[in-house]
$ cat target22.pdb   # PDB, C-alpha atoms
ATOM      1  CA  MET A   1     -12.321  33.524-144.585
ATOM      2  CA  ASN A   2     -10.661  31.061-142.256
ATOM      3  CA  ILE A   3     -13.290  28.332-141.953
ATOM      4  CA  TYR A   4     -11.868  27.393-138.549
ATOM      5  CA  ALA A   5     -12.262  30.924-137.171
ATOM      6  CA  LYS A   6     -12.730  31.095-133.418
ATOM      7  CA  ASN A   7     -15.137  33.156-131.346
ATOM      8  CA  GLY A   8     -14.258  36.839-131.645
ATOM      9  CA  HIS A   9     -12.593  36.589-135.076
ATOM     10  CA  LYS A  10     -13.499  39.535-137.338
ATOM     11  CA  VAL A  11     -14.599  39.120-140.960
ATOM     12  CA  ILE A  12     -15.876  41.422-143.705
ATOM     13  CA  TYR A  13     -19.049  40.727-145.683
ATOM     14  CA  THR A  14     -18.175  40.860-149.397
ATOM     15  CA  GLY A  15     -21.658  40.585-150.898
ATOM     16  CA  ALA A  16     -23.671  37.695-152.295
ATOM     17  CA  THR A  17     -24.960  36.360-155.604
ATOM     18  CA  ASP A  18     -28.003  34.136-156.113
ATOM     19  CA  ASP A  19     -25.720  31.128-156.723
ATOM     20  CA  GLN A  20     -23.759  31.747-153.530
ATOM     21  CA  VAL A  21     -26.951  31.882-151.485
ATOM     22  CA  HIS A  22     -29.189  29.312-153.193
ATOM     23  CA  GLY A  23     -26.947  27.357-155.600
ATOM     24  CA  ALA A  24     -25.330  23.963-155.221
ATOM     25  CA  TYR A  25     -22.665  25.342-152.892
ATOM     26  CA  GLY A  26     -24.988  27.803-151.209
ATOM     27  CA  GLY A  27     -26.842  27.449-148.005
ATOM     28  CA  GLY A  28     -27.573  29.489-144.973
ATOM     29  CA  HIS A  29     -29.673  32.576-144.644
ATOM     30  CA  ASP A  30     -29.792  35.180-147.401
ATOM     31  CA  PRO A  31     -27.640  38.082-146.146
ATOM     32  CA  ARG A  32     -28.837  40.559-148.771
ATOM     33  CA  GLY A  33     -30.886  43.264-147.115
ATOM     34  CA  LEU A  34     -29.608  42.202-143.701
ATOM     35  CA  LEU A  35     -25.825  42.517-143.761
ATOM     36  CA  ILE A  36     -23.964  45.559-145.060
ATOM     37  CA  GLU A  37     -21.262  45.067-147.698
ATOM     38  CA  LYS A  38     -17.763  45.887-146.434
ATOM     39  CA  ALA A  39     -19.018  45.880-142.814
ATOM     40  CA  VAL A  40     -17.122  43.937-140.151
ATOM     41  CA  TYR A  41     -18.869  41.139-138.232
ATOM     42  CA  THR A  42     -17.723  39.072-135.251
ATOM     43  CA  VAL A  43     -17.655  35.282-135.550
ATOM     44  CA  ASP A  44     -19.391  33.293-132.834
ATOM     45  CA  HIS A  45     -18.524  29.891-134.324
ATOM     46  CA  THR A  46     -18.366  27.943-137.593
ATOM     47  CA  VAL A  47     -19.735  24.575-138.659
ATOM     48  CA  VAL A  48     -17.447  22.976-141.246
ATOM     49  CA  GLY A  49     -19.105  20.506-143.586
ATOM     50  CA  SER A  50     -17.855  18.456-146.525
ATOM     51  CA  TRP A  51     -19.139  20.940-149.168
ATOM     52  CA  ARG A  52     -19.632  24.193-147.293
ATOM     53  CA  THR A  53     -18.999  25.992-144.040
ATOM     54  CA  MET A  54     -21.648  27.882-142.132
ATOM     55  CA  VAL A  55     -20.660  30.822-139.969
ATOM     56  CA  TYR A  56     -22.618  32.190-137.015
ATOM     57  CA  PHE A  57     -22.086  35.759-135.821
ATOM     58  CA  GLN A  58     -22.384  37.394-132.432
ATOM     59  CA  GLU A  59     -24.481  40.118-134.063
ATOM     60  CA  PHE A  60     -27.034  37.571-135.404
ATOM     61  CA  PRO A  61     -26.968  34.598-133.001
ATOM     62  CA  HIS A  62     -29.930  32.735-134.552
ATOM     63  CA  LEU A  63     -28.846  33.024-138.199
ATOM     64  CA  TYR A  64     -26.034  31.386-140.147
ATOM     65  CA  PHE A  65     -24.398  32.314-143.428
ATOM     66  CA  ASN A  66     -22.178  30.631-146.012
ATOM     67  CA  SER A  67     -18.506  31.375-145.324
ATOM     68  CA  VAL A  68     -17.783  32.153-149.008
ATOM     69  CA  LEU A  69     -19.506  35.508-148.453
ATOM     70  CA  PHE A  70     -16.799  36.756-146.083
ATOM     71  CA  GLU A  71     -13.104  37.529-145.959
ATOM     72  CA  ASP A  72     -10.843  37.873-142.947
ATOM     73  CA  GLU A  73     -10.433  41.413-141.666
ATOM     74  CA  LYS A  74      -6.953  42.691-142.440
ATOM     75  CA  LYS A  75      -5.298  44.707-139.720
TER      76      LYS A  75
END
$ encode --input "target22.pdb" --output "structure tokens"
Amino acid sequence: MNIYAKNGHKVIYTGATDDQVHGAYGGGHDPRGLLIEKAVYTVDHTVVGSWRTMVYFQEFPHLYFNSVLFEDEKK
């Protein structure tokens, strides 16, 4: 996904592995059991770091997820 996505940008959750959630490049909340694969979510904002980018969604305002778990929605 575009790590500089603005508020309102739509992305698709692609699923998560243990390494993506808890590994060296992981971080954020574990989306498994919370988000639905292939579902569309609305970006609130992103926080770009040197090793990873966290994305916050309008649907889950108090949680953040690793951006590698998402792809931009294609129209």
$ closest_residue --input "target22.pdb" --among "A:Val11, A:Gly33, A:Arg52, A:Val43" --to "A:Lys75" --atoms "all atoms listed in the file"
A:Val11
$ closest_residue --input "target22.pdb" --among "A:Ala5, A:Val55, A:Val40, A:Val48" --to "A:Lys74" --atoms "all atoms listed in the file"
A:Val40
$ closest_residue --input "target22.pdb" --among "A:Ala39, A:Arg32, A:Gly27, A:Ser50" --to "A:Tyr13" --atoms "only C-alpha atoms"
A:Ala39
$ atom_distance --input "target22.pdb" --atom1 "atom CA of A:Thr17" --atom2 "atom CA of A:Thr42"
21.8 Å
$ closest_residue --input "target22.pdb" --among "A:Glu37, A:Gln20, A:Phe60, A:Val68" --to "A:Asn2" --atoms "only C-alpha atoms"
A:Val68
$ closest_residue --input "target22.pdb" --among "A:Asn7, A:Gln58, A:Thr14, A:Asn66" --to "A:Ile36" --atoms "only C-alpha atoms"
A:Thr14
$ resolve_selection --input "target22.pdb" --expression "the PyMOL selection byres ((chain A and resi 18) around 12)" --output "list in words"
Gly15, Ala16, Thr17, Asp19, Gln20, Val21, His22, Gly23, Ala24, Tyr25, Gly26, Gly27, His29, Asp30, Pro31, Arg32 and Leu69 of chain A
$ atom_distance --input "target22.pdb" --atom1 "atom CA of A:Lys38" --atom2 "atom CA of A:Trp51"
25.1 Å
$ closest_residue --input "target22.pdb" --among "A:Asp72, A:Ile3, A:Ile12, A:Leu34" --to "A:Val47" --atoms "all atoms listed in the file"
A:Ile3
$ atom_distance --input "target22.pdb" --atom1 "atom CA of A:Ser67" --atom2 "atom CA of A:Met54"
5.7 Å
$ residues_around --input "target22.pdb" --residues "A:Tyr56" --least-positions-apart "5" --cutoff "8 Å" --atoms "all atoms listed in the file" --output "PyMOL selection string"
chain A and resi 43-46+61-65
$ axis_aligned_box --input "target22.pdb" --around "stretch 66-75 of chain A" --padding-each-side "5 Å" --output "JSON"
{"center_x": -13.7, "center_y": 37.7, "center_z": -144.4, "size_x": 26.9, "size_y": 24.1, "size_z": 19.3}
